[in-house]
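Chemist: My structure is in protein34.csv, and what it holds is CSV, N, CA and C atoms:
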```csv
chain,number,residue,atom,x,y,z
A,1,MET,N,-4.0,-4.5,-2.6
A,1,MET,CA,-4.1,-3.6,-1.5
A,1,MET,C,-3.3,-2.3,-1.8
A,2,ASN,N,-3.9,-1.3,-1.3
A,2,ASN,CA,-3.2,0.0,-1.4
A,2,ASN,C,-2.1,0.2,-0.3
A,3,SER,N,-1.0,0.8,-0.6
A,3,SER,CA,-0.1,1.1,0.5
A,3,SER,C,-0.6,2.1,1.4
A,4,TYR,N,-0.2,2.1,2.7
A,4,TYR,CA,-0.5,3.1,3.7
A,4,TYR,C,0.5,4.2,3.6
A,5,ILE,N,0.0,5.4,3.6
A,5,ILE,CA,0.9,6.6,3.6
A,5,ILE,C,0.9,7.3,4.9
A,6,HIS,N,2.1,7.4,5.5
A,6,HIS,CA,2.3,8.2,6.7
A,6,HIS,C,3.2,9.4,6.4
A,7,VAL,N,2.8,10.6,6.9
A,7,VAL,CA,3.6,11.8,6.8
A,7,VAL,C,4.3,12.0,8.1
A,8,VAL,N,5.6,12.0,8.1
A,8,VAL,CA,6.4,12.2,9.3
A,8,VAL,C,6.0,13.5,10.0
A,9,GLN,N,5.7,13.4,11.3
A,9,GLN,CA,5.3,14.5,12.1
A,9,GLN,C,6.5,15.1,12.8
A,10,TYR,N,6.5,16.4,13.1
A,10,TYR,CA,7.6,17.1,13.7
A,10,TYR,C,8.0,16.4,15.1
A,11,TYR,N,6.9,16.0,15.8
A,11,TYR,CA,7.2,15.4,17.1
A,11,TYR,C,7.8,14.0,17.0
A,12,GLU,N,7.8,13.4,15.8
A,12,GLU,CA,8.5,12.1,15.6
A,12,GLU,C,10.0,12.2,15.3
A,13,THR,N,10.5,13.4,15.2
A,13,THR,CA,11.9,13.6,15.0
A,13,THR,C,12.7,13.8,16.3
A,14,ASP,N,14.0,13.5,16.2
A,14,ASP,CA,14.8,13.7,17.4
A,14,ASP,C,15.6,15.0,17.3
A,15,ARG,N,16.5,15.2,18.2
A,15,ARG,CA,17.3,16.4,18.2
A,15,ARG,C,18.1,16.6,17.0
A,16,MET,N,18.5,15.5,16.3
A,16,MET,CA,19.2,15.6,15.1
A,16,MET,C,18.4,15.9,13.8
A,17,GLY,N,17.0,16.0,14.0
A,17,GLY,CA,16.1,16.3,12.9
A,17,GLY,C,15.7,15.1,12.1
A,18,ILE,N,16.1,13.9,12.6
A,18,ILE,CA,15.7,12.7,11.8
A,18,ILE,C,14.6,11.9,12.6
A,19,THR,N,13.8,11.1,12.0
A,19,THR,CA,12.8,10.4,12.6
A,19,THR,C,13.4,9.4,13.7
A,20,HIS,N,12.8,9.5,14.9
A,20,HIS,CA,13.3,8.5,15.9
A,20,HIS,C,12.9,7.1,15.5
A,21,HIS,N,13.8,6.2,15.7
A,21,HIS,CA,13.6,4.8,15.3
A,21,HIS,C,12.4,4.1,15.8
A,22,SER,N,11.9,4.5,17.0
A,22,SER,CA,10.8,3.9,17.7
A,22,SER,C,9.5,4.1,16.9
A,23,ASN,N,9.5,5.1,16.0
A,23,ASN,CA,8.2,5.4,15.3
A,23,ASN,C,7.9,4.4,14.2
A,24,CYS,N,8.9,3.7,13.7
A,24,CYS,CA,8.7,2.7,12.7
A,24,CYS,C,7.7,1.6,13.2
A,25,VAL,N,7.8,1.2,14.5
A,25,VAL,CA,6.9,0.2,15.0
A,25,VAL,C,5.5,0.8,15.1
A,26,ARG,N,5.4,2.0,15.4
A,26,ARG,CA,4.0,2.6,15.4
A,26,ARG,C,3.5,2.7,14.0
A,27,TRP,N,4.3,3.0,13.1
A,27,TRP,CA,3.8,3.1,11.7
A,27,TRP,C,3.4,1.7,11.2
A,28,MET,N,4.1,0.7,11.6
A,28,MET,CA,3.7,-0.7,11.3
A,28,MET,C,2.3,-1.0,11.8
A,29,GLU,N,2.0,-0.6,13.0
A,29,GLU,CA,0.7,-0.8,13.6
A,29,GLU,C,-0.3,0.0,12.8
A,30,GLU,N,-0.1,1.2,12.4
A,30,GLU,CA,-1.0,2.0,11.6
A,30,GLU,C,-1.3,1.3,10.3
A,31,ALA,N,-0.2,0.9,9.7
A,31,ALA,CA,-0.3,0.2,8.4
A,31,ALA,C,-1.1,-1.1,8.5
A,32,ARG,N,-0.8,-1.9,9.6
A,32,ARG,CA,-1.5,-3.2,9.8
A,32,ARG,C,-3.0,-2.9,10.0
A,33,ILE,N,-3.4,-1.9,10.8
A,33,ILE,CA,-4.8,-1.6,11.0
A,33,ILE,C,-5.4,-1.3,9.6
A,34,ASP,N,-4.8,-0.4,8.8
A,34,ASP,CA,-5.3,-0.1,7.5
A,34,ASP,C,-5.4,-1.3,6.6
A,35,PHE,N,-4.4,-2.1,6.6
A,35,PHE,CA,-4.4,-3.3,5.8
A,35,PHE,C,-5.6,-4.2,6.1
A,36,LEU,N,-5.8,-4.5,7.3
A,36,LEU,CA,-7.0,-5.3,7.7
A,36,LEU,C,-8.3,-4.6,7.4
A,37,LYS,N,-8.3,-3.3,7.5
A,37,LYS,CA,-9.5,-2.6,7.1
A,37,LYS,C,-9.8,-2.8,5.6
A,38,GLN,N,-8.8,-2.6,4.8
A,38,GLN,CA,-8.9,-2.8,3.4
A,38,GLN,C,-9.4,-4.2,3.0
A,39,ALA,N,-9.0,-5.2,3.9
A,39,ALA,CA,-9.4,-6.6,3.6
A,39,ALA,C,-10.8,-6.9,4.2
A,40,GLY,N,-11.5,-5.8,4.8
A,40,GLY,CA,-12.8,-6.0,5.3
A,40,GLY,C,-12.9,-6.4,6.8
A,41,TRP,N,-11.7,-6.4,7.5
A,41,TRP,CA,-11.6,-6.9,8.8
A,41,TRP,C,-11.0,-5.8,9.7
A,42,ASP,N,-11.6,-4.7,9.8
A,42,ASP,CA,-11.0,-3.6,10.7
A,42,ASP,C,-11.0,-4.0,12.1
A,43,TYR,N,-10.1,-3.4,12.9
A,43,TYR,CA,-10.0,-3.7,14.3
A,43,TYR,C,-11.3,-3.6,15.1
A,44,GLY,N,-12.1,-2.6,14.8
A,44,GLY,CA,-13.3,-2.4,15.5
A,44,GLY,C,-14.2,-3.6,15.3
A,45,LYS,N,-14.3,-4.1,14.1
A,45,LYS,CA,-15.1,-5.3,13.8
A,45,LYS,C,-14.5,-6.5,14.6
A,46,LEU,N,-13.2,-6.7,14.6
A,46,LEU,CA,-12.6,-7.8,15.3
A,46,LEU,C,-12.9,-7.7,16.8
A,47,GLU,N,-12.8,-6.5,17.4
A,47,GLU,CA,-13.1,-6.3,18.8
A,47,GLU,C,-14.5,-6.6,19.1
A,48,ARG,N,-15.4,-6.2,18.3
A,48,ARG,CA,-16.9,-6.5,18.5
A,48,ARG,C,-17.1,-8.0,18.5
A,49,LEU,N,-16.4,-8.7,17.7
A,49,LEU,CA,-16.5,-10.2,17.6
A,49,LEU,C,-15.8,-10.9,18.8
A,50,GLY,N,-15.0,-10.1,19.6
A,50,GLY,CA,-14.3,-10.7,20.7
A,50,GLY,C,-13.0,-11.2,20.4
A,51,ILE,N,-12.4,-10.8,19.2
A,51,ILE,CA,-11.1,-11.3,18.8
A,51,ILE,C,-10.0,-10.2,19.2
A,52,VAL,N,-9.0,-10.6,19.9
A,52,VAL,CA,-7.9,-9.8,20.1
A,52,VAL,C,-6.7,-10.4,19.5
A,53,SER,N,-5.7,-9.5,19.0
A,53,SER,CA,-4.6,-10.0,18.3
A,53,SER,C,-3.3,-9.4,18.8
A,54,PRO,N,-2.7,-9.9,19.9
A,54,PRO,CA,-1.5,-9.3,20.4
A,54,PRO,C,-0.3,-9.5,19.5
A,55,VAL,N,0.6,-8.6,19.6
A,55,VAL,CA,1.9,-8.8,18.9
A,55,VAL,C,2.7,-9.8,19.7
A,56,THR,N,3.2,-10.8,19.1
A,56,THR,CA,4.1,-11.8,19.7
A,56,THR,C,5.6,-11.7,19.4
A,57,ALA,N,5.8,-11.0,18.3
A,57,ALA,CA,7.2,-10.7,17.9
A,57,ALA,C,7.2,-9.5,16.9
A,58,ILE,N,8.3,-8.7,16.9
A,58,ILE,CA,8.4,-7.6,16.0
A,58,ILE,C,9.9,-7.4,15.7
A,59,ASN,N,10.1,-7.0,14.4
A,59,ASN,CA,11.5,-6.8,14.0
A,59,ASN,C,11.5,-5.6,13.0
A,60,CYS,N,12.5,-4.8,13.1
A,60,CYS,CA,12.7,-3.7,12.2
A,60,CYS,C,14.2,-3.6,11.7
A,61,LYS,N,14.4,-3.4,10.4
A,61,LYS,CA,15.7,-3.2,9.9
A,61,LYS,C,15.7,-1.8,9.2
A,62,TYR,N,16.4,-0.9,9.8
A,62,TYR,CA,16.5,0.5,9.4
A,62,TYR,C,17.5,0.6,8.3
A,63,LYS,N,17.0,1.2,7.1
A,63,LYS,CA,17.8,1.3,5.9
A,63,LYS,C,18.3,2.7,5.6
A,64,ALA,N,17.4,3.7,5.9
A,64,ALA,CA,17.7,5.1,5.6
A,64,ALA,C,16.9,5.9,6.5
A,65,SER,N,17.3,7.1,6.7
A,65,SER,CA,16.5,8.0,7.6
A,65,SER,C,15.5,8.8,6.9
A,66,THR,N,14.5,9.3,7.6
A,66,THR,CA,13.5,10.2,7.1
A,66,THR,C,13.5,11.4,8.1
A,67,THR,N,12.9,12.5,7.6
A,67,THR,CA,12.8,13.7,8.3
A,67,THR,C,11.4,14.3,8.3
A,68,PHE,N,11.2,15.3,9.1
A,68,PHE,CA,9.9,16.0,9.2
A,68,PHE,C,9.3,16.2,7.8
A,69,ALA,N,8.0,15.9,7.7
A,69,ALA,CA,7.1,16.1,6.5
A,69,ALA,C,7.4,15.1,5.3
A,70,ASP,N,8.4,14.2,5.5
A,70,ASP,CA,8.5,13.2,4.5
A,70,ASP,C,7.3,12.3,4.4
A,71,GLU,N,7.0,11.8,3.2
A,71,GLU,CA,5.9,10.8,3.1
A,71,GLU,C,6.6,9.5,3.0
A,72,VAL,N,6.0,8.6,3.8
A,72,VAL,CA,6.5,7.2,3.8
A,72,VAL,C,5.4,6.3,3.4
A,73,SER,N,5.6,5.5,2.3
A,73,SER,CA,4.6,4.6,1.8
A,73,SER,C,4.9,3.2,2.5
A,74,ILE,N,3.9,2.6,3.1
A,74,ILE,CA,4.1,1.3,3.7
A,74,ILE,C,3.3,0.2,3.1
A,75,GLU,N,4.0,-0.7,2.5
A,75,GLU,CA,3.4,-1.9,1.9
A,75,GLU,C,3.3,-3.0,2.9
A,76,VAL,N,2.2,-3.6,3.1
A,76,VAL,CA,2.0,-4.7,4.0
A,76,VAL,C,1.6,-5.9,3.3
A,77,SER,N,2.2,-7.1,3.6
A,77,SER,CA,1.8,-8.3,3.0
A,77,SER,C,1.8,-9.4,4.1
A,78,VAL,N,1.0,-10.4,3.8
A,78,VAL,CA,1.0,-11.6,4.7
A,78,VAL,C,2.1,-12.5,4.3
A,79,GLU,N,3.1,-12.7,5.2
A,79,GLU,CA,4.2,-13.5,4.9
A,79,GLU,C,3.9,-15.0,5.2
A,80,GLU,N,3.1,-15.2,6.2
A,80,GLU,CA,2.7,-16.6,6.6
A,80,GLU,C,1.4,-16.5,7.5
A,81,PHE,N,0.5,-17.5,7.2
A,81,PHE,CA,-0.6,-17.7,8.1
A,81,PHE,C,-0.9,-19.2,8.1
A,82,LYS,N,-0.9,-19.7,9.3
A,82,LYS,CA,-1.1,-21.2,9.4
A,82,LYS,C,-2.3,-21.5,10.4
A,83,GLY,N,-3.2,-20.5,10.5
A,83,GLY,CA,-4.3,-20.7,11.3
A,83,GLY,C,-4.3,-20.1,12.7
A,84,VAL,N,-3.1,-20.2,13.3
A,84,VAL,CA,-3.0,-19.6,14.7
A,84,VAL,C,-2.1,-18.4,14.7
A,85,ARG,N,-1.1,-18.4,14.0
A,85,ARG,CA,-0.1,-17.3,14.0
A,85,ARG,C,-0.1,-16.6,12.6
A,86,LEU,N,-0.1,-15.3,12.7
A,86,LEU,CA,-0.1,-14.4,11.5
A,86,LEU,C,1.2,-13.7,11.4
A,87,LYS,N,2.0,-13.8,10.3
A,87,LYS,CA,3.2,-13.1,10.2
A,87,LYS,C,3.1,-12.1,9.0
A,88,LEU,N,3.3,-10.8,9.4
A,88,LEU,CA,3.2,-9.8,8.4
A,88,LEU,C,4.5,-9.2,8.0
A,89,HIS,N,4.7,-8.7,6.8
A,89,HIS,CA,5.9,-8.1,6.3
A,89,HIS,C,5.6,-6.7,5.9
A,90,TYR,N,6.5,-5.8,6.2
A,90,TYR,CA,6.3,-4.4,5.9
A,90,TYR,C,7.5,-3.9,5.2
A,91,ILE,N,7.3,-3.1,4.1
A,91,ILE,CA,8.3,-2.4,3.4
A,91,ILE,C,7.9,-0.9,3.4
A,92,MET,N,8.8,-0.1,4.0
A,92,MET,CA,8.6,1.4,4.0
A,92,MET,C,9.5,2.1,3.0
A,93,LYS,N,8.9,2.9,2.2
A,93,LYS,CA,9.7,3.6,1.1
A,93,LYS,C,9.4,5.1,1.2
A,94,ASN,N,10.4,5.9,0.8
A,94,ASN,CA,10.2,7.3,0.7
A,94,ASN,C,9.6,7.6,-0.7
A,95,THR,N,9.4,8.9,-1.0
A,95,THR,CA,8.7,9.2,-2.3
A,95,THR,C,9.6,8.9,-3.5
A,96,SER,N,10.9,8.8,-3.3
A,96,SER,CA,11.7,8.4,-4.5
A,96,SER,C,11.8,6.9,-4.6
A,97,GLY,N,11.1,6.1,-3.8
A,97,GLY,CA,11.0,4.7,-3.9
A,97,GLY,C,12.1,3.9,-3.1
A,98,LYS,N,13.0,4.7,-2.4
A,98,LYS,CA,14.0,4.1,-1.6
A,98,LYS,C,13.5,3.4,-0.4
A,99,CYS,N,13.9,2.2,-0.1
A,99,CYS,CA,13.5,1.5,1.2
A,99,CYS,C,14.1,2.2,2.4
A,100,VAL,N,13.3,2.7,3.3
A,100,VAL,CA,13.9,3.3,4.5
A,100,VAL,C,13.8,2.4,5.7
A,101,CYS,N,12.9,1.4,5.6
A,101,CYS,CA,12.8,0.4,6.7
A,101,CYS,C,12.1,-0.8,6.2
A,102,GLU,N,12.5,-2.0,6.7
A,102,GLU,CA,11.8,-3.2,6.4
A,102,GLU,C,11.5,-3.9,7.8
A,103,GLY,N,10.3,-4.4,7.9
A,103,GLY,CA,10.0,-5.0,9.2
A,103,GLY,C,9.1,-6.2,9.1
A,104,ALA,N,8.8,-6.8,10.2
A,104,ALA,CA,7.9,-8.0,10.3
A,104,ALA,C,7.3,-7.9,11.7
A,105,SER,N,6.1,-8.4,11.8
A,105,SER,CA,5.4,-8.6,13.0
A,105,SER,C,4.7,-9.9,13.0
A,106,GLU,N,4.6,-10.5,14.2
A,106,GLU,CA,3.8,-11.8,14.3
A,106,GLU,C,2.7,-11.6,15.4
A,107,HIS,N,1.6,-12.2,15.1
A,107,HIS,CA,0.4,-12.1,16.0
A,107,HIS,C,-0.3,-13.4,16.1
A,108,CYS,N,-0.9,-13.5,17.3
A,108,CYS,CA,-1.8,-14.7,17.5
A,108,CYS,C,-3.2,-14.1,17.7
A,109,PHE,N,-4.2,-15.0,17.8
A,109,PHE,CA,-5.6,-14.6,18.0
A,109,PHE,C,-6.2,-15.2,19.2
A,110,LEU,N,-6.7,-14.3,20.1
A,110,LEU,CA,-7.2,-14.8,21.4
A,110,LEU,C,-8.6,-14.3,21.5
A,111,ASP,N,-9.4,-15.0,22.4
A,111,ASP,CA,-10.6,-14.4,22.8
A,111,ASP,C,-10.4,-13.4,24.0
A,112,LYS,N,-11.4,-12.8,24.5
A,112,LYS,CA,-11.2,-11.8,25.5
A,112,LYS,C,-10.7,-12.3,26.8
A,113,SER,N,-10.8,-13.6,27.0
A,113,SER,CA,-10.3,-14.2,28.3
A,113,SER,C,-8.8,-14.7,28.1
A,114,GLY,N,-8.3,-14.5,26.9
A,114,GLY,CA,-6.9,-14.9,26.6
A,114,GLY,C,-6.7,-16.3,26.1
A,115,LYS,N,-7.8,-16.9,25.7
A,115,LYS,CA,-7.7,-18.3,25.2
A,115,LYS,C,-7.4,-18.2,23.7
A,116,ILE,N,-6.5,-19.1,23.2
A,116,ILE,CA,-6.2,-19.1,21.7
A,116,ILE,C,-7.4,-19.5,21.0
A,117,LEU,N,-7.7,-18.7,19.9
A,117,LEU,CA,-8.9,-19.0,19.1
A,117,LEU,C,-8.5,-20.0,17.9
A,118,LYS,N,-9.4,-20.9,17.6
A,118,LYS,CA,-9.3,-21.7,16.4
A,118,LYS,C,-10.1,-21.0,15.3
A,119,LEU,N,-9.5,-20.1,14.6
A,119,LEU,CA,-10.2,-19.3,13.6
A,119,LEU,C,-10.9,-20.1,12.6
A,120,HIS,N,-10.4,-21.2,12.1
A,120,HIS,CA,-11.0,-22.0,11.1
A,120,HIS,C,-12.4,-22.6,11.6
A,121,LYS,N,-12.5,-22.8,12.9
A,121,LYS,CA,-13.8,-23.3,13.4
A,121,LYS,C,-14.7,-22.1,13.9
A,122,GLU,N,-14.1,-21.2,14.7
A,122,GLU,CA,-14.9,-20.2,15.3
A,122,GLU,C,-15.2,-18.9,14.5
A,123,TYR,N,-14.3,-18.6,13.6
A,123,TYR,CA,-14.4,-17.5,12.7
A,123,TYR,C,-14.0,-17.8,11.3
A,124,PRO,N,-14.7,-18.7,10.6
A,124,PRO,CA,-14.2,-19.2,9.3
A,124,PRO,C,-14.0,-18.2,8.2
A,125,ASP,N,-14.9,-17.1,8.2
A,125,ASP,CA,-14.8,-16.1,7.2
A,125,ASP,C,-13.5,-15.3,7.4
A,126,PHE,N,-13.1,-15.0,8.6
A,126,PHE,CA,-11.9,-14.3,8.9
A,126,PHE,C,-10.7,-15.2,8.6
A,127,TYR,N,-10.8,-16.5,8.9
A,127,TYR,CA,-9.7,-17.5,8.6
A,127,TYR,C,-9.5,-17.5,7.1
A,128,HIS,N,-10.6,-17.6,6.3
A,128,HIS,CA,-10.5,-17.7,4.8
A,128,HIS,C,-9.9,-16.4,4.3
A,129,ALA,N,-10.3,-15.2,4.8
A,129,ALA,CA,-9.7,-14.0,4.4
A,129,ALA,C,-8.2,-13.9,4.6
A,130,LEU,N,-7.7,-14.3,5.7
A,130,LEU,CA,-6.3,-14.4,6.0
A,130,LEU,C,-5.6,-15.4,5.1
A,131,THR,N,-6.2,-16.5,4.9
A,131,THR,CA,-5.6,-17.5,4.0
A,131,THR,C,-5.5,-17.0,2.6
A,132,SER,N,-6.5,-16.3,2.2
A,132,SER,CA,-6.5,-15.7,0.8
A,132,SER,C,-5.3,-14.7,0.7
A,133,LEU,N,-5.2,-13.8,1.7
A,133,LEU,CA,-4.1,-12.8,1.7
A,133,LEU,C,-2.8,-13.5,1.7
A,134,ALA,N,-2.6,-14.6,2.4
A,134,ALA,CA,-1.3,-15.3,2.4
A,134,ALA,C,-0.9,-15.9,1.1
A,135,GLU,N,-1.9,-16.2,0.3
A,135,GLU,CA,-1.7,-16.8,-1.0
A,135,GLU,C,-1.3,-15.8,-2.1
A,136,ARG,N,-1.4,-14.5,-1.8
A,136,ARG,CA,-1.1,-13.5,-2.9
A,136,ARG,C,0.4,-13.4,-3.1
```
Represent the structure contained in this file as structure tokens.

Modeler:
Amino acid sequence: MNSYIHVVQYYETDRMGITHHSNCVRWMEEARIDFLKQAGWDYGKLERLGIVSPVTAINCKYKASTTFADEVSIEVSVEEFKGVRLKLHYIMKNTSGKCVCEGASEHCFLDKSGKILKLHKEYPDFYHALTSLAER
């Protein structure tokens, strides 16, 4: 999978000129959407199938600051998938390769009425794709 590249926007910085910490969670979402798209399961497809995937937990460890116009490369990997819960890991690096943030997010899969989906039975292709990504 290719890393997702985010360029820090001016509005993402605070009065001190550094990126506000809240943006890392947004960037994780951007990278997650791109990651699933690269895997052939973009969010539009999931929504058309009736699959929703809420965030159940999120964690960020800030290691270094970024500023306006910095490029941040975000590597996403599947840390764990056991059929119901997906745990993703994110490493954000600046152009010199220094880690600026490390994070994790957890997700479950629901139908539009909020019922937990059994992906292995109801969406086996998606289940196998996530299982394959977890084995890398």

Chemist: What separation in Å, quoted to one decimal, exists between CA of Tyr62 in chain A and atom C of Val78 in chain A?

Modeler: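 Atom C of Val78 in chain A lies 20.1 Å from CA of Tyr62 in chain A.
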
Chemist: Report, in Å to a single decimal, how far apart atom N of Asp42 in chain A and CA of Glu71 in chain A are.

Modeler: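 Answer for the CA of Glu71 in chain A to atom N of Asp42 in chain A separation: 24.3 Å.
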
Chemist: For each of A:Asp34, A:Glu80, A:Asp70, A:Glu135, take the minimum atom-to-atom distance to Ser105 in chain A, counting only C-alpha atoms, then give the residue where this is smallest.

Modeler: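 The closest residue to Ser105 in chain A is A:Glu80.
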
Chemist: Find the distance between atom C of Leu36 in chain A and atom C of Phe126 in chain A and write it in Å to one decimal.

Modeler: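 Here the two named atoms are 10.9 Å from each other.
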
Chemist: Which of these, A:Ser22, A:Ile51, A:Ser77, A:Val100, has the shortest distance to Lys112 in chain A once you count only N, CA and C atoms?

Modeler: A:Ile51

Chemist: Using all atoms listed in the file, pick whichever of A:Cys108, A:Leu46, A:Val72, A:Val55 has the shortest atom-to-atom distance to Met92 in chain A.

Modeler: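 Of all the options, A:Val72 lies closest to Met92 in chain A.
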
Chemist: What lies within 5 Å of His89 in chain A using only N, CA and C atoms, ignoring chain neighbours under 6 positions off, as a list of chain:residue names?

Modeler: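 Answer for this query is A:Val76, A:Ser77, A:Glu79, A:Gly103, A:Ala104.
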
Chemist: Take the selection from the previous step and output its residues with N, CA and C atoms, as a CSV table (one decimal), in the coordinates of the input.

Modeler:
```
chain,number,residue,atom,x,y,z
A,76,VAL,N,2.2,-3.6,3.1
A,76,VAL,CA,2.0,-4.7,4.0
A,76,VAL,C,1.6,-5.9,3.3
A,77,SER,N,2.2,-7.1,3.6
A,77,SER,CA,1.8,-8.3,3.0
A,77,SER,C,1.8,-9.4,4.1
A,79,GLU,N,3.1,-12.7,5.2
A,79,GLU,CA,4.2,-13.5,4.9
A,79,GLU,C,3.9,-15.0,5.2
A,103,GLY,N,10.3,-4.4,7.9
A,103,GLY,CA,10.0,-5.0,9.2
A,103,GLY,C,9.1,-6.2,9.1
A,104,ALA,N,8.8,-6.8,10.2
A,104,ALA,CA,7.9,-8.0,10.3
A,104,ALA,C,7.3,-7.9,11.7
```

Chemist: Give me the residues within 10 Å of His20 in chain A as a list in words, counting only C-alpha atoms and dropping any in the same chain fewer than 3 places off.

Modeler: Tyr11, Glu12, Thr13, Asp14, Arg15, Met16, Gly17, Asn23, Cys24, Ser65, Thr66 and Thr67 of chain A

Chemist: Where does DSSP see strand (DSSP E) in range 11-112 of chain A, if you list the residues as a ChimeraX atom specification?

Modeler: /A:55-62,71-81,85-93,99-108

Chemist: List every residue of range 21-89 of chain A that DSSP, applied to the backbone of this structure, assigns to helix (DSSP H, G or I), and report them as a list in words.

Modeler: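 The residues of range 21-89 of chain A classed as helix (DSSP H, G or I) are Asn23, Cys24, Val25, Arg26, Trp27, Met28, Glu29, Glu30, Ala31, Arg32, Ile33, Asp34, Phe35, Leu36, Lys37, Gln38, Tyr43, Gly44, Lys45, Leu46, Glu47, Arg48 and Leu49 of chain A.
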
Chemist: Write the residues of the selection above to a file with N, CA and C atoms, as a PDB file, in the coordinates of the input.

Modeler:
```pdb
ATOM      1  N   ASN A  23       9.500   5.100  16.000  1.00  0.00           N
ATOM      2  CA  ASN A  23       8.200   5.400  15.300  1.00  0.00           C
ATOM      3  C   ASN A  23       7.900   4.400  14.200  1.00  0.00           C
ATOM      4  N   CYS A  24       8.900   3.700  13.700  1.00  0.00           N
ATOM      5  CA  CYS A  24       8.700   2.700  12.700  1.00  0.00           C
ATOM      6  C   CYS A  24       7.700   1.600  13.200  1.00  0.00           C
ATOM      7  N   VAL A  25       7.800   1.200  14.500  1.00  0.00           N
ATOM      8  CA  VAL A  25       6.900   0.200  15.000  1.00  0.00           C
ATOM      9  C   VAL A  25       5.500   0.800  15.100  1.00  0.00           C
ATOM     10  N   ARG A  26       5.400   2.000  15.400  1.00  0.00           N
ATOM     11  CA  ARG A  26       4.000   2.600  15.400  1.00  0.00           C
ATOM     12  C   ARG A  26       3.500   2.700  14.000  1.00  0.00           C
ATOM     13  N   TRP A  27       4.300   3.000  13.100  1.00  0.00           N
ATOM     14  CA  TRP A  27       3.800   3.100  11.700  1.00  0.00           C
ATOM     15  C   TRP A  27       3.400   1.700  11.200  1.00  0.00           C
ATOM     16  N   MET A  28       4.100   0.700  11.600  1.00  0.00           N
ATOM     17  CA  MET A  28       3.700  -0.700  11.300  1.00  0.00           C
ATOM     18  C   MET A  28       2.300  -1.000  11.800  1.00  0.00           C
ATOM     19  N   GLU A  29       2.000  -0.600  13.000  1.00  0.00           N
ATOM     20  CA  GLU A  29       0.700  -0.800  13.600  1.00  0.00           C
ATOM     21  C   GLU A  29      -0.300   0.000  12.800  1.00  0.00           C
ATOM     22  N   GLU A  30      -0.100   1.200  12.400  1.00  0.00           N
ATOM     23  CA  GLU A  30      -1.000   2.000  11.600  1.00  0.00           C
ATOM     24  C   GLU A  30      -1.300   1.300  10.300  1.00  0.00           C
ATOM     25  N   ALA A  31      -0.200   0.900   9.700  1.00  0.00           N
ATOM     26  CA  ALA A  31      -0.300   0.200   8.400  1.00  0.00           C
ATOM     27  C   ALA A  31      -1.100  -1.100   8.500  1.00  0.00           C
ATOM     28  N   ARG A  32      -0.800  -1.900   9.600  1.00  0.00           N
ATOM     29  CA  ARG A  32      -1.500  -3.200   9.800  1.00  0.00           C
ATOM     30  C   ARG A  32      -3.000  -2.900  10.000  1.00  0.00           C
ATOM     31  N   ILE A  33      -3.400  -1.900  10.800  1.00  0.00           N
ATOM     32  CA  ILE A  33      -4.800  -1.600  11.000  1.00  0.00           C
ATOM     33  C   ILE A  33      -5.400  -1.300   9.600  1.00  0.00           C
ATOM     34  N   ASP A  34      -4.800  -0.400   8.800  1.00  0.00           N
ATOM     35  CA  ASP A  34      -5.300  -0.100   7.500  1.00  0.00           C
ATOM     36  C   ASP A  34      -5.400  -1.300   6.600  1.00  0.00           C
ATOM     37  N   PHE A  35      -4.400  -2.100   6.600  1.00  0.00           N
ATOM     38  CA  PHE A  35      -4.400  -3.300   5.800  1.00  0.00           C
ATOM     39  C   PHE A  35      -5.600  -4.200   6.100  1.00  0.00           C
ATOM     40  N   LEU A  36      -5.800  -4.500   7.300  1.00  0.00           N
ATOM     41  CA  LEU A  36      -7.000  -5.300   7.700  1.00  0.00           C
ATOM     42  C   LEU A  36      -8.300  -4.600   7.400  1.00  0.00           C
ATOM     43  N   LYS A  37      -8.300  -3.300   7.500  1.00  0.00           N
ATOM     44  CA  LYS A  37      -9.500  -2.600   7.100  1.00  0.00           C
ATOM     45  C   LYS A  37      -9.800  -2.800   5.600  1.00  0.00           C
ATOM     46  N   GLN A  38      -8.800  -2.600   4.800  1.00  0.00           N
ATOM     47  CA  GLN A  38      -8.900  -2.800   3.400  1.00  0.00           C
ATOM     48  C   GLN A  38      -9.400  -4.200   3.000  1.00  0.00           C
ATOM     49  N   TYR A  43     -10.100  -3.400  12.900  1.00  0.00           N
ATOM     50  CA  TYR A  43     -10.000  -3.700  14.300  1.00  0.00           C
ATOM     51  C   TYR A  43     -11.300  -3.600  15.100  1.00  0.00           C
ATOM     52  N   GLY A  44     -12.100  -2.600  14.800  1.00  0.00           N
ATOM     53  CA  GLY A  44     -13.300  -2.400  15.500  1.00  0.00           C
ATOM     54  C   GLY A  44     -14.200  -3.600  15.300  1.00  0.00           C
ATOM     55  N   LYS A  45     -14.300  -4.100  14.100  1.00  0.00           N
ATOM     56  CA  LYS A  45     -15.100  -5.300  13.800  1.00  0.00           C
ATOM     57  C   LYS A  45     -14.500  -6.500  14.600  1.00  0.00           C
ATOM     58  N   LEU A  46     -13.200  -6.700  14.600  1.00  0.00           N
ATOM     59  CA  LEU A  46     -12.600  -7.800  15.300  1.00  0.00           C
ATOM     60  C   LEU A  46     -12.900  -7.700  16.800  1.00  0.00           C
ATOM     61  N   GLU A  47     -12.800  -6.500  17.400  1.00  0.00           N
ATOM     62  CA  GLU A  47     -13.100  -6.300  18.800  1.00  0.00           C
ATOM     63  C   GLU A  47     -14.500  -6.600  19.100  1.00  0.00           C
ATOM     64  N   ARG A  48     -15.400  -6.200  18.300  1.00  0.00           N
ATOM     65  CA  ARG A  48     -16.900  -6.500  18.500  1.00  0.00           C
ATOM     66  C   ARG A  48     -17.100  -8.000  18.500  1.00  0.00           C
ATOM     67  N   LEU A  49     -16.400  -8.700  17.700  1.00  0.00           N
ATOM     68  CA  LEU A  49     -16.500 -10.200  17.600  1.00  0.00           C
ATOM     69  C   LEU A  49     -15.800 -10.900  18.800  1.00  0.00           C
TER      70      LEU A  49
END
```
